[in-house]
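Next comes my_file_30.txt, a file with compact mmCIF, C-alpha atoms.
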```
# COMPACT_ATOMS: atom_id res chain seq x y z
CA MET I 52 92.08 0.66 203.20
CA LYS I 53 95.38 -0.68 201.90
CA ARG I 54 94.30 0.24 198.34
CA VAL I 55 93.67 3.83 199.43
CA HIS I 56 97.18 4.04 200.87
CA LEU I 57 98.68 2.71 197.67
CA ARG I 58 96.84 5.32 195.57
CA ALA I 59 97.99 8.09 197.91
CA ALA I 60 101.59 6.88 197.69
CA LEU I 61 101.41 6.69 193.92
CA PHE I 62 100.02 10.22 193.79
CA LEU I 63 102.87 11.55 195.89
CA VAL I 64 105.50 9.73 193.84
CA LEU I 65 103.99 10.95 190.59
CA LEU I 66 103.98 14.48 191.96
CA ALA I 67 107.63 14.24 192.88
CA ALA I 68 108.43 12.64 189.56
CA ALA I 69 106.58 15.36 187.72
CA SER I 70 108.58 18.07 189.46
CA SER I 71 111.79 16.16 188.75
CA GLY I 72 110.77 15.78 185.11
CA CYS I 73 110.30 19.52 184.79
CA ALA I 74 113.77 20.09 186.09
CA GLY I 75 115.10 17.48 183.72
CA ALA I 76 113.40 19.17 180.82
CA GLU I 77 115.25 22.38 181.58
CA SER I 78 118.54 20.70 180.94
CA ALA I 79 117.30 18.69 177.99
CA GLY I 80 118.83 21.17 175.60
CA ALA I 81 122.26 20.23 176.80
CA LYS I 82 121.81 16.53 176.30
CA SER I 83 124.30 14.53 174.32
CA PRO I 84 122.56 11.57 172.65
CA SER I 85 125.76 9.72 171.98
CA VAL I 86 126.82 9.96 175.57
CA ALA I 87 123.34 9.28 176.94
CA ALA I 88 123.33 5.98 175.10
CA ASN I 89 126.11 4.77 177.41
CA PRO I 90 125.12 5.99 180.84
CA GLU I 91 127.52 5.74 183.68
CA PRO I 92 126.72 3.67 186.73
CA PRO I 93 124.45 5.52 189.15
CA MET I 94 126.24 7.73 191.62
CA MET I 95 123.61 7.90 194.28
CA ALA I 96 125.14 9.78 197.14
CA SER I 97 128.66 10.22 195.94
CA PRO I 98 130.00 13.72 196.46
CA ALA I 99 130.65 15.91 193.47
CA PRO I 100 134.13 15.12 192.21
CA ARG I 101 136.46 18.02 192.69
CA PRO I 102 138.86 18.37 189.81
CA PRO I 103 142.47 19.26 190.44
CA PRO I 104 143.31 22.94 190.62
CA PRO I 105 143.46 24.59 187.22
CA ALA I 106 146.74 24.74 185.42
CA PRO I 107 148.79 27.83 186.15
CA GLY I 108 148.38 30.63 183.72
CA VAL I 109 144.76 29.87 183.00
CA ALA I 110 141.59 31.32 184.35
CA GLY I 111 139.73 30.25 187.42
CA GLY I 112 136.02 30.92 187.68
CA ALA I 113 133.80 32.56 190.22
CA GLY I 114 130.87 30.62 191.56
CA GLY I 115 127.27 31.36 190.68
CA GLY I 116 126.55 30.07 187.21
CA ALA I 117 128.56 29.65 184.08
CA LEU I 118 131.30 32.17 183.72
CA LEU I 119 133.30 32.73 180.63
CA LEU I 120 136.65 34.31 180.91
CA ALA I 121 138.44 35.33 177.78
CA MET I 122 142.10 35.23 178.60
CA ASN I 123 144.18 36.84 175.93
CA ASP I 124 146.65 38.31 178.33
CA PRO I 125 149.05 35.87 180.04
CA ALA I 126 149.59 38.26 182.95
CA LYS I 127 145.87 38.49 183.53
CA ALA I 128 145.59 34.73 183.34
CA LYS I 129 148.25 34.35 186.03
CA ALA I 130 146.47 36.80 188.29
CA VAL I 131 143.17 35.00 187.92
CA SER I 132 144.75 31.60 188.51
CA ASP I 133 145.87 32.79 191.90
CA SER I 134 142.32 33.70 192.88
CA PRO I 135 140.47 31.78 195.61
CA HIS I 136 138.13 30.31 192.97
CA SER I 137 140.84 28.25 191.34
CA ALA I 138 139.36 25.01 192.67
CA ALA I 139 136.10 25.47 190.78
CA MET I 140 134.86 23.00 188.18
CA LEU I 141 136.16 24.47 184.98
CA ILE I 142 136.09 23.55 181.33
CA TYR I 143 139.05 24.98 179.47
CA THR I 144 139.02 25.74 175.78
CA ALA I 145 141.63 27.50 173.71
CA ASN I 146 141.55 28.85 170.19
CA LEU I 147 144.88 29.83 168.69
CA SER I 148 145.68 31.24 165.28
CA LEU I 149 149.24 30.85 164.08
CA ALA I 150 151.01 32.17 161.03
CA VAL I 151 153.43 29.59 159.69
CA PHE I 152 155.50 29.11 156.58
CA GLN I 153 153.97 25.72 155.84
CA VAL I 154 150.62 24.58 157.21
CA GLU I 155 150.94 20.81 156.95
CA PRO I 156 154.03 20.42 159.18
CA GLY I 157 152.29 22.70 161.69
CA LEU I 158 149.28 20.41 161.84
CA ASP I 159 151.55 17.40 162.32
CA ALA I 160 153.41 19.16 165.12
CA VAL I 161 150.20 19.93 167.01
CA GLU I 162 149.14 16.32 166.69
CA ARG I 163 152.50 15.26 168.13
CA VAL I 164 152.08 17.66 171.04
CA ALA I 165 148.70 16.11 171.81
CA ARG I 166 150.19 12.63 171.90
CA ASP I 167 153.18 13.76 173.97
CA VAL I 168 151.01 15.20 176.74
CA GLY I 169 148.68 12.21 176.85
CA GLY I 170 145.92 13.72 174.77
CA TYR I 171 144.41 12.81 171.46
CA LEU I 172 143.36 14.20 168.10
CA SER I 173 139.75 15.31 167.97
CA SER I 174 139.50 16.59 164.40
CA ARG I 175 141.76 17.82 161.63
CA GLN I 176 140.94 19.88 158.57
CA ASP I 177 143.02 21.47 155.83
CA ASN I 178 144.33 24.30 157.97
CA SER I 179 143.00 23.70 161.46
CA ILE I 180 143.23 21.00 164.07
CA THR I 181 141.45 20.31 167.34
CA ILE I 182 143.06 18.27 170.08
CA ARG I 183 141.96 17.22 173.56
CA VAL I 184 144.59 17.29 176.26
CA PRO I 185 144.54 16.40 179.96
CA ARG I 186 143.54 19.41 181.98
CA ASP I 187 146.74 19.48 184.02
CA ARG I 188 148.77 19.64 180.77
CA PHE I 189 146.68 22.42 179.25
CA ASP I 190 149.11 25.24 180.00
CA ASP I 191 152.09 23.18 178.88
CA THR I 192 150.27 22.35 175.64
CA ILE I 193 149.48 26.00 174.91
CA GLY I 194 153.11 26.95 175.52
CA ARG I 195 154.39 24.27 173.15
CA ILE I 196 151.92 25.12 170.42
CA GLU I 197 152.72 28.82 170.59
CA LYS I 198 156.31 28.00 169.72
CA LEU I 199 155.23 26.52 166.38
CA GLY I 200 154.61 29.88 164.70
CA ASP I 201 153.67 33.49 165.12
CA VAL I 202 150.59 33.74 167.30
CA THR I 203 148.14 36.07 165.57
CA HIS I 204 145.16 35.34 167.81
CA ARG I 205 144.83 33.81 171.25
CA ASP I 206 141.53 33.09 172.96
CA ILE I 207 141.49 31.02 176.14
CA LYS I 208 138.30 30.47 178.06
CA ALA I 209 137.45 28.86 181.36
CA GLN I 210 133.80 27.97 181.86
CA ASP I 211 132.71 27.38 185.44
CA VAL I 212 130.23 24.52 185.51
CA THR I 213 130.15 23.98 189.28
CA ASP I 214 126.52 25.02 189.67
CA GLU I 215 125.37 23.02 186.69
CA PHE I 216 127.25 19.96 187.87
CA VAL I 217 125.95 20.11 191.46
CA ASP I 218 122.42 20.75 190.27
CA LEU I 219 122.56 17.82 187.90
CA GLN I 220 123.82 15.53 190.61
CA ALA I 221 121.06 16.58 192.98
CA ARG I 222 118.39 16.05 190.36
CA LEU I 223 119.88 12.72 189.43
CA LYS I 224 119.88 11.59 193.04
CA ASN I 225 116.24 12.58 193.33
CA ALA I 226 115.41 10.74 190.11
CA TYR I 227 117.04 7.57 191.42
CA SER I 228 114.90 7.80 194.59
CA ILE I 229 111.76 8.20 192.53
CA ARG I 230 112.67 5.26 190.33
CA ASP I 231 113.27 3.06 193.36
CA ARG I 232 109.99 4.13 194.91
CA LEU I 233 108.13 3.49 191.69
CA ASN I 234 109.64 0.03 191.45
CA GLU I 235 108.54 -0.62 195.00
CA LEU I 236 104.99 0.51 194.25
CA MET I 237 104.94 -1.54 191.07
CA SER I 238 105.37 -4.75 193.01
CA LYS I 239 102.23 -4.00 195.04
CA ALA I 240 100.05 -2.36 192.38
CA ALA I 241 96.99 -3.70 190.58
CA VAL I 242 97.00 -4.01 186.78
CA LYS I 243 95.47 -0.58 186.07
CA GLU I 244 97.82 1.19 188.46
CA ALA I 245 100.79 -0.83 187.22
CA LEU I 246 100.28 0.54 183.73
CA GLU I 247 100.45 4.10 185.00
CA ILE I 248 103.50 3.34 187.13
CA GLU I 249 105.26 1.68 184.20
CA LYS I 250 104.65 4.72 182.02
CA GLU I 251 106.07 6.96 184.69
CA LEU I 252 109.01 4.64 185.25
CA GLY I 253 109.89 4.95 181.56
CA ARG I 254 109.85 8.73 181.71
CA VAL I 255 111.98 8.82 184.88
CA THR I 256 114.45 6.35 183.41
CA GLU I 257 114.77 8.52 180.32
CA ASP I 258 115.49 11.56 182.50
CA ILE I 259 118.09 9.60 184.43
CA GLU I 260 119.87 8.54 181.27
CA ARG I 261 119.87 12.10 179.95
CA MET I 262 121.28 13.51 183.18
CA GLU I 263 123.88 10.75 183.42
CA GLY I 264 124.96 11.54 179.89
CA LYS I 265 125.24 15.22 180.61
CA LEU I 266 127.28 14.52 183.74
CA LYS I 267 129.58 12.24 181.80
CA LEU I 268 130.04 14.89 179.16
CA LEU I 269 130.85 17.54 181.75
CA ARG I 270 133.36 15.26 183.42
CA ASP I 271 135.00 14.57 180.10
CA GLN I 272 135.11 18.25 179.23
CA MET I 273 136.66 19.04 182.60
CA ALA I 274 139.17 16.21 182.39
CA PHE I 275 140.27 17.00 178.85
CA SER I 276 140.65 20.56 177.63
CA THR I 277 139.93 21.40 174.01
CA VAL I 278 142.55 23.22 171.99
CA THR I 279 141.83 24.35 168.44
CA VAL I 280 144.68 25.67 166.35
CA THR I 281 144.18 27.39 163.01
CA PHE I 282 147.15 27.89 160.76
CA ALA I 283 147.56 30.51 158.08
CA PRO I 284 150.58 30.56 155.82
CA VAL I 285 152.78 33.58 156.28
CA ALA I 286 152.28 35.95 153.39
CA VAL I 287 155.35 35.70 151.20
CA GLU I 288 156.32 37.79 148.28
CA GLN I 289 154.63 36.48 145.18
CA VAL I 290 156.83 35.85 142.20
CA GLN I 291 155.09 36.68 138.98
CA ASP I 292 154.41 33.43 137.21
CA SER I 293 155.15 34.68 133.76
CA THR I 294 158.02 34.08 131.41
CA LEU I 295 159.90 36.93 129.83
CA LEU I 296 156.89 39.20 129.62
CA ALA I 297 158.06 42.00 131.86
CA PRO I 298 161.11 43.16 129.87
CA PHE I 299 159.47 42.54 126.48
CA PRO I 300 156.00 44.07 126.49
CA TRP I 301 155.63 43.56 122.75
CA MET I 302 155.22 39.85 123.41
CA ARG I 303 151.77 40.54 124.78
CA GLY I 304 150.69 41.33 121.25
CA LEU I 305 151.58 37.91 119.87
CA GLY I 306 148.72 35.70 118.79
CA LEU I 307 145.64 35.77 116.67
CA GLN I 308 143.75 38.32 118.70
CA SER I 309 146.10 41.12 117.87
CA LEU I 310 146.95 39.86 114.37
CA LEU I 311 143.34 39.65 113.20
CA ASN I 312 142.19 42.80 114.98
CA VAL I 313 141.54 45.00 112.00
CA HIS I 314 139.82 48.33 112.54
CA GLN I 315 136.78 49.30 110.54
CA MET E 14 154.95 71.37 88.27
CA LYS E 15 158.60 70.58 88.27
CA ARG E 16 159.21 73.91 89.86
CA SER E 17 156.63 73.32 92.60
CA LEU E 18 158.12 69.90 93.51
CA SER E 19 161.54 71.39 93.81
CA ARG E 20 160.17 73.82 96.36
CA LEU E 21 159.12 70.98 98.75
CA PRO E 22 161.30 70.71 101.89
CA LEU E 23 163.81 67.89 101.50
CA PRO E 24 162.73 65.83 104.60
CA LEU E 25 159.10 65.91 103.50
CA ALA E 26 160.01 64.87 100.00
CA LEU E 27 162.12 61.97 101.33
CA ALA E 28 159.33 60.84 103.65
CA GLY E 29 156.88 60.84 100.78
CA ALA E 30 159.25 58.89 98.60
CA PHE E 31 159.84 56.27 101.35
CA ALA E 32 156.12 55.95 101.92
CA LEU E 33 155.46 55.31 98.26
CA THR E 34 158.18 52.71 97.84
CA GLY E 35 157.97 51.02 101.24
CA CYS E 36 161.38 52.27 102.06
CA GLY E 37 162.22 53.00 105.68
CA ARG E 38 161.43 49.42 106.68
CA PRO E 39 164.43 47.27 107.46
CA PHE E 40 162.97 44.53 105.29
CA ASP E 41 161.22 44.04 102.00
CA VAL E 42 158.20 41.86 101.39
CA LYS E 43 155.86 41.57 98.43
CA THR E 44 152.11 41.58 98.81
CA ALA E 45 150.58 38.82 96.72
CA PRO E 46 147.46 39.34 94.61
CA GLY E 47 144.45 38.45 96.76
CA LEU E 48 145.74 40.41 99.74
CA VAL E 49 146.03 44.12 100.31
CA GLU E 50 148.47 45.92 102.55
CA LEU E 51 146.81 47.82 105.37
CA ASP E 52 147.75 51.30 106.36
CA ASP E 53 149.49 51.48 109.71
CA GLN E 54 146.70 50.66 112.16
CA GLU E 55 148.73 49.26 114.99
CA PRO E 56 152.13 50.66 115.84
CA GLU E 57 153.63 47.25 116.59
CA TYR E 58 153.22 46.08 113.01
CA ALA E 59 155.69 47.30 110.41
CA TYR E 60 153.67 45.55 107.74
CA ARG E 61 150.27 43.93 107.64
CA ALA E 62 148.23 42.60 104.75
CA ILE E 63 144.81 40.99 104.74
CA SER E 64 142.67 38.84 102.44
CA PRO E 65 138.90 39.24 102.09
CA GLU E 66 138.56 36.00 104.09
CA ARG E 67 140.52 37.55 106.94
CA VAL E 68 143.79 35.74 106.37
CA VAL E 69 146.46 38.08 107.64
CA MET E 70 150.21 38.29 107.27
CA ALA E 71 152.18 40.75 109.37
CA VAL E 72 155.78 41.64 110.13
CA ARG E 73 157.04 43.08 113.40
CA VAL E 74 160.50 44.52 113.89
CA VAL E 75 161.93 44.75 117.40
CA ASP E 76 165.18 46.56 118.12
CA THR E 77 167.07 44.12 120.33
CA LYS E 78 170.25 46.18 120.43
CA GLY E 79 172.03 42.97 119.61
CA ARG E 80 170.77 41.11 122.66
CA GLY E 81 169.64 37.52 122.25
CA ASP E 82 170.25 35.14 119.42
CA LEU E 83 167.80 33.22 117.28
CA GLU E 84 167.52 30.37 119.78
CA PHE E 85 166.79 32.74 122.62
CA TRP E 86 164.02 34.59 120.82
CA THR E 87 162.52 31.43 119.38
CA ARG E 88 162.35 29.94 122.86
CA ALA E 89 161.01 33.14 124.38
CA THR E 90 158.23 33.54 121.84
CA SER E 91 157.40 29.86 122.05
CA LEU E 92 157.04 30.09 125.84
CA ARG E 93 154.88 33.15 125.45
CA MET E 94 152.57 31.26 123.14
CA HIS E 95 152.36 28.45 125.72
CA GLU E 96 151.12 31.00 128.22
CA LEU E 97 148.22 31.93 125.99
CA ASP E 98 145.24 29.71 126.59
CA GLY E 99 144.48 27.10 124.02
CA TYR E 100 147.45 27.51 121.65
CA ALA E 101 148.84 24.12 120.67
CA LEU E 102 152.18 23.79 118.96
CA LEU E 103 151.51 21.77 115.81
CA GLY E 104 155.06 21.79 114.57
CA SER E 105 158.27 23.73 114.05
CA SER E 106 160.89 23.87 111.33
CA ASP E 107 163.95 25.76 110.18
CA VAL E 108 163.36 28.38 107.49
CA LYS E 109 165.37 30.98 105.61
CA SER E 110 164.54 34.41 104.34
CA ARG E 111 165.20 35.39 100.72
CA ASP E 112 168.55 36.90 101.69
CA GLY E 113 169.59 33.67 103.41
CA THR E 114 169.00 34.67 107.05
CA PRO E 115 168.18 31.54 109.06
CA GLY E 116 165.01 31.47 111.11
CA HIS E 117 162.55 29.22 112.89
CA GLU E 118 158.92 28.65 112.10
CA LEU E 119 156.42 27.73 114.84
CA ARG E 120 152.96 26.53 113.84
CA PHE E 121 150.10 26.74 116.31
CA GLY E 122 146.48 25.69 116.29
CA HIS E 123 143.83 27.54 118.23
CA ASP E 124 140.05 27.49 118.50
CA GLU E 125 138.26 30.80 118.21
CA ASN E 126 134.55 30.60 118.93
CA ARG E 127 134.74 26.83 118.41
CA LYS E 128 136.27 27.25 114.94
CA PRO E 129 139.82 26.09 114.20
CA TYR E 130 142.38 28.76 113.42
CA LEU E 131 146.02 28.51 112.45
CA TYR E 132 148.75 30.85 113.61
CA VAL E 133 152.25 30.63 112.12
CA LEU E 134 155.13 32.57 113.58
CA ARG E 135 158.51 32.93 111.90
CA VAL E 136 161.43 34.28 113.92
CA PHE E 137 164.52 35.88 112.41
CA VAL E 138 167.40 37.77 113.98
CA ALA E 139 169.48 40.10 111.83
CA ASN E 140 171.33 43.36 112.25
CA LYS E 141 170.54 43.70 115.98
CA ARG E 142 166.88 43.34 115.19
CA LEU E 143 164.28 40.68 115.77
CA PHE E 144 161.90 40.03 112.89
CA LEU E 145 158.61 38.31 113.60
CA VAL E 146 156.54 37.25 110.63
CA GLU E 147 153.02 36.25 111.63
CA THR E 148 150.36 34.64 109.51
CA GLY E 149 146.98 33.59 110.79
CA GLY E 150 143.34 33.05 110.04
CA PRO E 151 140.61 30.42 109.95
CA GLN E 152 142.08 27.02 109.16
CA PRO E 153 140.16 26.41 105.88
CA GLN E 154 141.18 29.81 104.55
CA MET E 155 144.75 29.38 105.72
CA GLU E 156 144.95 26.13 103.77
CA ARG E 157 143.39 27.78 100.75
CA TYR E 158 145.90 30.66 100.91
CA LYS E 159 148.88 28.44 101.73
CA GLY E 160 150.51 28.92 98.32
CA THR E 161 149.97 32.65 98.44
CA LEU E 162 151.34 32.97 101.95
CA ASP E 163 154.33 30.76 101.17
CA TRP E 164 155.13 32.96 98.21
CA MET E 165 154.88 36.13 100.32
CA GLN E 166 157.13 34.54 102.96
CA SER E 167 159.63 33.65 100.28
CA THR E 168 159.84 37.27 99.17
CA LEU E 169 160.87 38.47 102.63
CA LYS E 170 164.28 40.03 102.51
CA LEU E 171 165.93 41.39 105.66
CA ASP E 172 168.17 44.42 105.48
```

Could you quickly redo this structure as structure tokens?
Amino acid sequence: MKRVHLRAALFLVLLAAASSGCAGAESAGAKSPSVAANPEPPMMASPAPRPPPPAPGVAGGAGGGALLLAMNDPAKAKAVSDSPHSAAMLIYTANLSLAVFQVEPGLDAVERVARDVGGYLSSRQDNSITIRVPRDRFDDTIGRIEKLGDVTHRDIKAQDVTDEFVDLQARLKNAYSIRDRLNELMSKAAVKEALEIEKELGRVTEDIERMEGKLKLLRDQMAFSTVTVTFAPVAVEQVQDSTLLAPFPWMRGLGLQSLLNVHQ
Amino acid sequence: MKRSLSRLPLPLALAGAFALTGCGRPFDVKTAPGLVELDDQEPEYAYRAISPERVVMAVRVVDTKGRGDLEFWTRATSLRMHELDGYALLGSSDVKSRDGTPGHELRFGHDENRKPYLYVLRVFVANKRLFLVETGGPQPQMERYKGTLDWMQSTLKLD
């Protein structure tokens, strides 16, 4: 009789785990292997962390799925920041293109700005640089960078990840419950059943790690905004790199090519 | 016959006479045996002669209106040759024309189709004019014609 109860319990747990696994598979595309390798401690029933209100001058997002707001107009950005959705979970990214006289000092200046506001350098190429800055210094950072040159392109986006975050937390909480239940069943199971439970435990653990990684990534993206700045040198008048040719066109004829060019 | 010649217009007769004698050029140069003077094929050359092995000597005359001295034009032409790909300055020396006008000689090496060529440029300034005497051709032929070319150079007299 006890064995029948154990089988029924295992069936129910496997059913729940299967449904949780399906949900986990949906978000598998967003996994970050590097982050998943260092999962955060479980956050069983902790409420979803509410980030501070977005920086002024940047977009807020409406609830109901990811929302991208392209903010190229500062006035529009201000209007949106005053909206009731300003407390949403937002990931801010900015792409700026600046025309400067010299690219290298511009790259150095952006790196300095990142350090000044408590951020860090993410990547740097020949004419572009990506920095991560604390979310509450995002607007300040944009303002300082825009002073480094002529802004030729400005693209600021706020992605609302509230739904994704809450959903991930709920699924993670469920996965923890399943793992605990499976561990409990494992201690009472016979050898044959234990093998099945162990297999399922492995799959649930993998889902947990993936979801923890995704949550960690989202938290990081919300805490630190990404700013990419691309520099282009200002077009300057080109001086012809040629000596004395312009006023003396006959000089073009010097050399063997003209000397030995004998018509038939 | 005498009567018919006397009926020719004077300018035409003078032009014909200049053409026959090489007059009208502000210089005089002799063409050595082994080379033949070419008819005017390129307007920039006042004189050009060629050997069967394609060794060429040419003279250009540029009206400078008195601007620039020998050093200036030597430097300018030298820089121009530096701009041309693959020309290497092999050497330079002071030279004189037959009438005693001082000049500079610049000797360049250059590969054409992976074969070595020589290009020698002499620069003179006289009477508000710049005279450029160019000789060039495949290196073996240039060496073979060296005596001939030297003789032709030595006959150059600037007016």

Within 8 Å of stretch 204-221 of chain I, which residues of stretch 146-185 of chain I come that close, and what is the closest atom pair and distance in Å for each? Count all atoms listed in the file and give it as a tab-separated table.
```
residue	atom	partner	partner_atom	distance
I:Asn146	CA	I:Asp206	CA	5.1
I:Leu147	CA	I:Arg205	CA	4.7
I:Ser148	CA	I:His204	CA	4.8
I:Leu149	CA	I:His204	CA	7.1
```

Excluding same-chain residues fewer than 2 positions from E:Leu162, what lies within 10 Å of it counting all atoms listed in the file, as a tab-separated table (two decimals) with C-alpha atoms, in the coordinates of the input?
```
chain	number	residue	atom	x	y	z
E	44	THR	CA	152.11	41.58	98.81
E	45	ALA	CA	150.58	38.82	96.72
E	48	LEU	CA	145.74	40.41	99.74
E	68	VAL	CA	143.79	35.74	106.37
E	69	VAL	CA	146.46	38.08	107.64
E	70	MET	CA	150.21	38.29	107.27
E	148	THR	CA	150.36	34.64	109.51
E	149	GLY	CA	146.98	33.59	110.79
E	155	MET	CA	144.75	29.38	105.72
E	156	GLU	CA	144.95	26.13	103.77
E	157	ARG	CA	143.39	27.78	100.75
E	158	TYR	CA	145.90	30.66	100.91
E	159	LYS	CA	148.88	28.44	101.73
E	160	GLY	CA	150.51	28.92	98.32
E	164	TRP	CA	155.13	32.96	98.21
E	165	MET	CA	154.88	36.13	100.32
E	166	GLN	CA	157.13	34.54	102.96
E	167	SER	CA	159.63	33.65	100.28
E	168	THR	CA	159.84	37.27	99.17
```

Just the number, please: distance in Å from atom CA of I:Phe299 to atom CA of E:His95, one decimal.
15.8 Å

List every protein, DNA or RNA residue that has at least one atom no more than 8 Å from (163.1, 24.1, 110.5) in the file's coordinates, counting only C-alpha atoms, and write the result as an NGL selection string.
:E and (105-108 or 116-118)

Could you take the residues named above and write them with C-alpha atoms, as a tab-separated table (two decimals), in the frame of the given file?
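Contents of part_22.tsv, as written:
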```
chain	number	residue	atom	x	y	z
E	105	SER	CA	158.27	23.73	114.05
E	106	SER	CA	160.89	23.87	111.33
E	107	ASP	CA	163.95	25.76	110.18
E	108	VAL	CA	163.36	28.38	107.49
E	116	GLY	CA	165.01	31.47	111.11
E	117	HIS	CA	162.55	29.22	112.89
E	118	GLU	CA	158.92	28.65	112.10
```

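Put simply, atom CA of E:Lys78 is 16.1 Å away from atom CA of E:Leu171.
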
Quote the spacing between atom CA of I:Arg195 and atom CA of I:Gly157 in Å to one decimal place.
11.8 Å

Could you give me, as a tab-separated table, a per-residue list for chain E showing, wherever an atom lies at most 10 Å from an atom of chain I, the closest pair of atoms and their distance in Å to one decimal, using all atoms listed in the file and sorting by chain then residue number from low to high?
```
residue	atom	partner	partner_atom	distance
E:Leu51	CA	I:Val313	CA	8.9
E:Gln54	CA	I:His314	CA	7.3
E:Glu55	CA	I:Val313	CA	8.9
E:Glu57	CA	I:Trp301	CA	7.5
E:Tyr58	CA	I:Leu310	CA	8.9
E:Arg61	CA	I:Leu310	CA	8.5
E:Ile63	CA	I:Leu311	CA	8.7
E:Arg67	CA	I:Leu311	CA	7.2
E:Val68	CA	I:Leu311	CA	7.9
E:Val69	CA	I:Leu311	CA	6.6
E:Met70	CA	I:Leu310	CA	8.0
E:Ala71	CA	I:Leu310	CA	7.3
E:Val72	CA	I:Leu310	CA	10.0
E:Arg73	CA	I:Trp301	CA	9.5
E:Val75	CA	I:Trp301	CA	8.4
E:Thr77	CA	I:Phe299	CA	9.9
E:Ala89	CA	I:Leu295	CA	6.7
E:Thr90	CA	I:Met302	CA	7.2
E:Leu92	CA	I:Thr294	CA	6.9
E:Arg93	CA	I:Thr294	CA	6.8
E:Met94	CA	I:Gly306	CA	7.3
E:His95	CA	I:Thr294	CA	9.8
E:Glu96	CA	I:Ser293	CA	7.8
E:Leu97	CA	I:Gly306	CA	8.1
E:Tyr100	CA	I:Gly306	CA	8.8
E:Phe121	CA	I:Gly306	CA	9.4
E:His123	CA	I:Leu307	CA	8.6
E:Glu125	CA	I:Leu307	CA	9.0
E:Tyr130	CA	I:Leu307	CA	8.4
E:Leu131	CA	I:Leu307	CA	8.4
E:Tyr132	CA	I:Leu307	CA	6.6
E:Val133	CA	I:Gly306	CA	9.1
E:Leu134	CA	I:Gly306	CA	8.8
E:Leu145	CA	I:Leu305	CA	9.4
E:Glu147	CA	I:Leu310	CA	7.6
E:Thr148	CA	I:Leu310	CA	7.9
E:Gly149	CA	I:Leu307	CA	6.4
E:Gly150	CA	I:Leu311	CA	7.3
E:Pro151	CA	I:Leu307	CA	10.0
```

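Minimum atom-to-atom distances from E:Pro129, E:Gly79, E:Gly47, E:Gly37 to E:Gln152 were compared using all atoms listed in the file, and the lowest value belongs to E:Pro129.
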
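Close contacts of I:Val154, defined as residues with an atom at most 8 Å away when counting only C-alpha atoms, with chain neighbours fewer than 2 positions off set aside, comprise Val151, Phe152, Pro156, Gly157, Leu158, Asn178, Phe282, Ala283 and Pro284 of chain I.
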
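Considering the residues I:Leu141, I:Val164, I:Leu233, I:Val278 and counting all atoms listed in the file, I:Ala245 has its shortest atom-to-atom contact with I:Leu233.
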
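Proximity to I:Arg183 at 6 Å, evaluated using only C-alpha atoms and with sequence-adjacent residues fewer than 3 positions away removed, yields Gly170, Tyr171, Phe275, Ser276 and Thr277 of chain I.
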
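Proximity ranking of E:Pro65, E:Asp172, E:Gln154, E:Val138 relative to E:Phe85 places E:Val138 first, based on all atoms listed in the file.
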